[in-house]
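**Q** First the structure, then my questions, so here it is.
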Amino acid sequence: MTIPPGSVIGIVGGGQLGRMLAMAAAQLGYRCHVLDPIEDGPAAQVSAGFTRAAYDDIEALREFGRRVDVATYEFENLPVAALDTLGEKLRPSTRSLTIAQDRAREKAFIERCGARATRWRAVSSLDEVRAATAELGTPIVLKTRRYGYDGKGQAWIRSPGDAEAAWRAIGEEPAIAEAGVDFLAEFSVVIARWADGRHALWDSPENEHGEGILRRSTVPCSDSVTPLVAEARKAAIGIAEALGHIGVLTVEFFASRDGPLVNEIAPRVHNSGHWTIEGAVTSQFEQHIRAICDLPPGPTDLVGSGAVMDNLIGDEVDRWPELVAEPGLHVHIYGKGAARPGRKMGHVTRVKL
Ligand code: AMP
């Protein structure tokens, strides 16, 4: 069912992804209503409506559901039971969320879809961490099953003696132990899927991380990644299909010597797709709005010959005077308060013509 321009799109979550979704929606004539516990965040600043409420406030979500014609979410650490009150209006559905927010379920699901993931074991005690270390060998990385992002909730075990310290470092929480991959590069597949199964894919960005945080995405990817993109796309399409996903979905991969290995999935627009705002004919944000409102897919071709997106992390955003003075540089500043270390404050994109 088409949601026509003029309708209200609800966005659960008020960060920069919500901000860029709201800006793309406004261009198409929609109004956005944001629900977030924090007032005046990046998304609320550019949206027509705002509800301040906790994500598990069922009454507030019900009222929000009555006000909006369709709803979406912009991050995954959300209580599924509460979001279920939005029912059919929520796109993508909570199925995508349920799987993406638990790393063990996510890995098992990826494998059921026929895609290859890094070798892993679910662990919930120090003994299990030790057993996984013996089985998988070192190095391995422990990742909490829930609430990890940007490298948080992770600890490396480089030799068996590190097991106890790593288990303590992640707070002794249910986790997965994952084999460390000696990857050639990291890349992602950003895909948008419509309710009827149509889908659209962008060129795959190659992604560079520092301390678990994305620093740079480059399109086109390098020669070590290019031969792996076809298999990775097949995996991403299979995952989107199996989820019945509506909207943008991102699958992050390691380019290993044995081919593409899925690292994780995000049931949403993604930092590695920010370059599409200026670097592709249709951005990931506009495409997400098109998919959830059932408008036709937009073309995803490159505008020029490629693009490079760099995040502005922490006080890097203070470089804005020099950045806005660079001709042709696309500067995005998210309107966040304090520039704490590790916080994504903005990004810049250079389009290669
Ligand atoms: P994640 O939060 O799982 O995306 O991890 C953040 C970053 O840590 C990744 O983008 C990689 O750079 C690194 N990393 C995570 N898991 C592994 C792994 N199994 N092997 C090697 N590097 C990893």
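Going by the structure tokens order, chains are called A, B, ..., each with residues numbered from 1, while ligands are numbered from 1 in the order shown.
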Residues of chain A that have any atom at most 9 Å from an atom of ligand 1: could you tabulate them with the shortest-distance atom pair and the distance in Å to one decimal, using only C-alpha atoms and all ligand atoms, ordered by chain and increasing number, as a tab-separated table?
**A**
```
residue	atom	partner	partner_atom_place_in_ligand_line	distance
A:Arg103	CA	ligand 1	3 (O)	8.9
A:Thr118	CA	ligand 1	19 (N)	6.2
A:Arg119	CA	ligand 1	19 (N)	8.1
A:Trp120	CA	ligand 1	19 (N)	8.6
A:Pro139	CA	ligand 1	20 (N)	8.3
A:Ile140	CA	ligand 1	19 (N)	6.6
A:Val141	CA	ligand 1	19 (N)	6.0
A:Leu142	CA	ligand 1	16 (N)	8.6
A:Lys143	CA	ligand 1	3 (O)	7.4
A:Gly148	CA	ligand 1	2 (O)	6.6
A:Tyr149	CA	ligand 1	2 (O)	5.2
A:Asp150	CA	ligand 1	2 (O)	5.1
A:Gly151	CA	ligand 1	2 (O)	4.4
A:Lys152	CA	ligand 1	2 (O)	7.0
A:Gly153	CA	ligand 1	2 (O)	8.4
A:Gln154	CA	ligand 1	2 (O)	7.6
A:Ala177	CA	ligand 1	19 (N)	8.5
A:Glu178	CA	ligand 1	19 (N)	5.2
A:Ala179	CA	ligand 1	19 (N)	5.1
A:Gly180	CA	ligand 1	20 (N)	3.5
A:Val181	CA	ligand 1	20 (N)	3.8
A:Asp182	CA	ligand 1	21 (C)	6.2
A:Phe183	CA	ligand 1	21 (C)	6.8
A:Ala185	CA	ligand 1	12 (O)	8.9
A:Glu186	CA	ligand 1	10 (O)	7.0
A:Phe187	CA	ligand 1	10 (O)	8.9
A:Asn207	CA	ligand 1	10 (O)	8.0
A:Glu208	CA	ligand 1	12 (O)	7.3
A:His209	CA	ligand 1	12 (O)	5.3
A:Gly210	CA	ligand 1	12 (O)	7.2
A:Glu211	CA	ligand 1	8 (O)	7.1
A:Gly212	CA	ligand 1	7 (C)	4.0
A:Ile213	CA	ligand 1	6 (C)	6.4
A:Leu214	CA	ligand 1	10 (O)	7.0
A:Glu252	CA	ligand 1	4 (O)	7.4
A:Phe253	CA	ligand 1	10 (O)	8.4
A:Phe254	CA	ligand 1	21 (C)	7.9
A:Asn263	CA	ligand 1	3 (O)	6.1
A:Glu264	CA	ligand 1	3 (O)	6.2
A:Ile265	CA	ligand 1	4 (O)	8.8
```
**Q** With only C-alpha atoms as the counted atoms, please give the residues lying no more than 10 Å from Ala48 (chain A), apart from itself and same-chain residues fewer than 5 positions off, as a PyMOL selection string.
**A** chain A and resi 8-9+22+26+30-34+43
**Q** Between A:Leu261, A:Ala132, A:Ala195, A:Cys113, which is the closest to Trp167 (chain A) once you count only C-alpha atoms?
**A**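 Closest to Trp167 (chain A), using only C-alpha atoms: A:Ala132.
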**Q** Can you measure CA of Ala240 (chain A) to CA of Val269 (chain A) for me? One decimal in Å is fine.
**A**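 Going from CA of Ala240 (chain A) over to CA of Val269 (chain A), I get 13.3 Å.
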**Q** Within 7 Å of Met20 (chain A), counting only C-alpha atoms, which residues qualify if same-chain residues fewer than 4 places away don't, as an mmCIF file with all heavy atoms, in the first residue's frame?
**A**
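Contents of result.cif, freshly written:
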```cif
data_model
loop_
_atom_site.group_PDB
_atom_site.id
_atom_site.type_symbol
_atom_site.label_atom_id
_atom_site.label_comp_id
_atom_site.auth_asym_id
_atom_site.auth_seq_id
_atom_site.Cartn_x
_atom_site.Cartn_y
_atom_site.Cartn_z
ATOM 1 N N GLN A 16 21.699 10.597 14.349
ATOM 2 C CA GLN A 16 22.017 11.155 13.017
ATOM 3 C C GLN A 16 21.360 10.382 11.879
ATOM 4 O O GLN A 16 21.034 10.968 10.845
ATOM 5 C CB GLN A 16 23.533 11.244 12.804
ATOM 6 C CG GLN A 16 24.282 9.930 12.724
ATOM 7 C CD GLN A 16 24.826 9.510 14.075
ATOM 8 O OE1 GLN A 16 24.314 9.934 15.129
ATOM 9 N NE2 GLN A 16 25.846 8.677 14.078
ATOM 10 N N ALA A 24 15.642 13.395 4.013
ATOM 11 C CA ALA A 24 15.271 12.785 2.726
ATOM 12 C C ALA A 24 13.750 12.707 2.602
ATOM 13 O O ALA A 24 13.185 12.934 1.520
ATOM 14 C CB ALA A 24 15.884 11.384 2.615
ATOM 15 N N PHE A 285 19.112 6.955 2.246
ATOM 16 C CA PHE A 285 18.033 7.511 3.082
ATOM 17 C C PHE A 285 16.751 7.674 2.250
ATOM 18 O O PHE A 285 15.663 7.280 2.686
ATOM 19 C CB PHE A 285 18.490 8.845 3.693
ATOM 20 C CG PHE A 285 19.698 8.683 4.564
ATOM 21 C CD1 PHE A 285 20.967 9.022 4.097
ATOM 22 C CD2 PHE A 285 19.601 8.146 5.831
ATOM 23 C CE1 PHE A 285 22.094 8.838 4.881
ATOM 24 C CE2 PHE A 285 20.715 7.953 6.632
ATOM 25 C CZ PHE A 285 21.962 8.305 6.151
#
```
**Q** Against region 77-99 of chain A, which residues of region 109-211 of chain A fall within 12 Å? For each one I want the closest pair of atoms and the distance in Å (one decimal), counting only C-alpha atoms, rows by chain and increasing residue number, as a tab-separated table.
**A**
```
residue	atom	partner	partner_atom	distance
A:Phe109	CA	A:Ile99	CA	7.5
A:Ile110	CA	A:Ile99	CA	9.6
A:Arg145	CA	A:Ile99	CA	10.8
A:Arg146	CA	A:Asn77	CA	7.9
A:Tyr147	CA	A:Asn77	CA	6.0
A:Gly148	CA	A:Asn77	CA	8.7
A:Tyr149	CA	A:Asn77	CA	9.3
A:Ala192	CA	A:Pro92	CA	10.7
A:Arg193	CA	A:Pro92	CA	9.6
A:Trp194	CA	A:Pro92	CA	9.8
A:Ala195	CA	A:Arg91	CA	9.4
```
**Q** Keeping only C-alpha atoms, write the selected residues as a JSON list (two decimals), in the first residue's frame.
**A**
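Once written, result_35.json looks like this:
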```json
[["chain", "number", "residue", "atom", "x", "y", "z"],
["A", 109, "PHE", "CA", 20.49, -16.97, 11.02],
["A", 110, "ILE", "CA", 23.24, -15.89, 8.61],
["A", 145, "ARG", "CA", 25.30, -10.88, 22.50],
["A", 146, "ARG", "CA", 23.41, -7.64, 23.06],
["A", 147, "TYR", "CA", 23.93, -3.89, 23.17],
["A", 148, "GLY", "CA", 27.32, -3.78, 21.48],
["A", 149, "TYR", "CA", 28.09, -1.16, 18.87],
["A", 192, "ALA", "CA", 17.04, -1.86, -0.03],
["A", 193, "ARG", "CA", 14.13, -4.31, -0.30],
["A", 194, "TRP", "CA", 10.50, -3.65, -1.08],
["A", 195, "ALA", "CA", 7.55, -5.61, 0.32]]
```
**Q** So which residues of region 111-350 of chain A fall under helix (DSSP H, G or I) by DSSP, listed as number ranges by chain?
**A** A: 111-112, 126-136, 160-169, 226-243, 271-273, 276-279, 284-292, 314-324
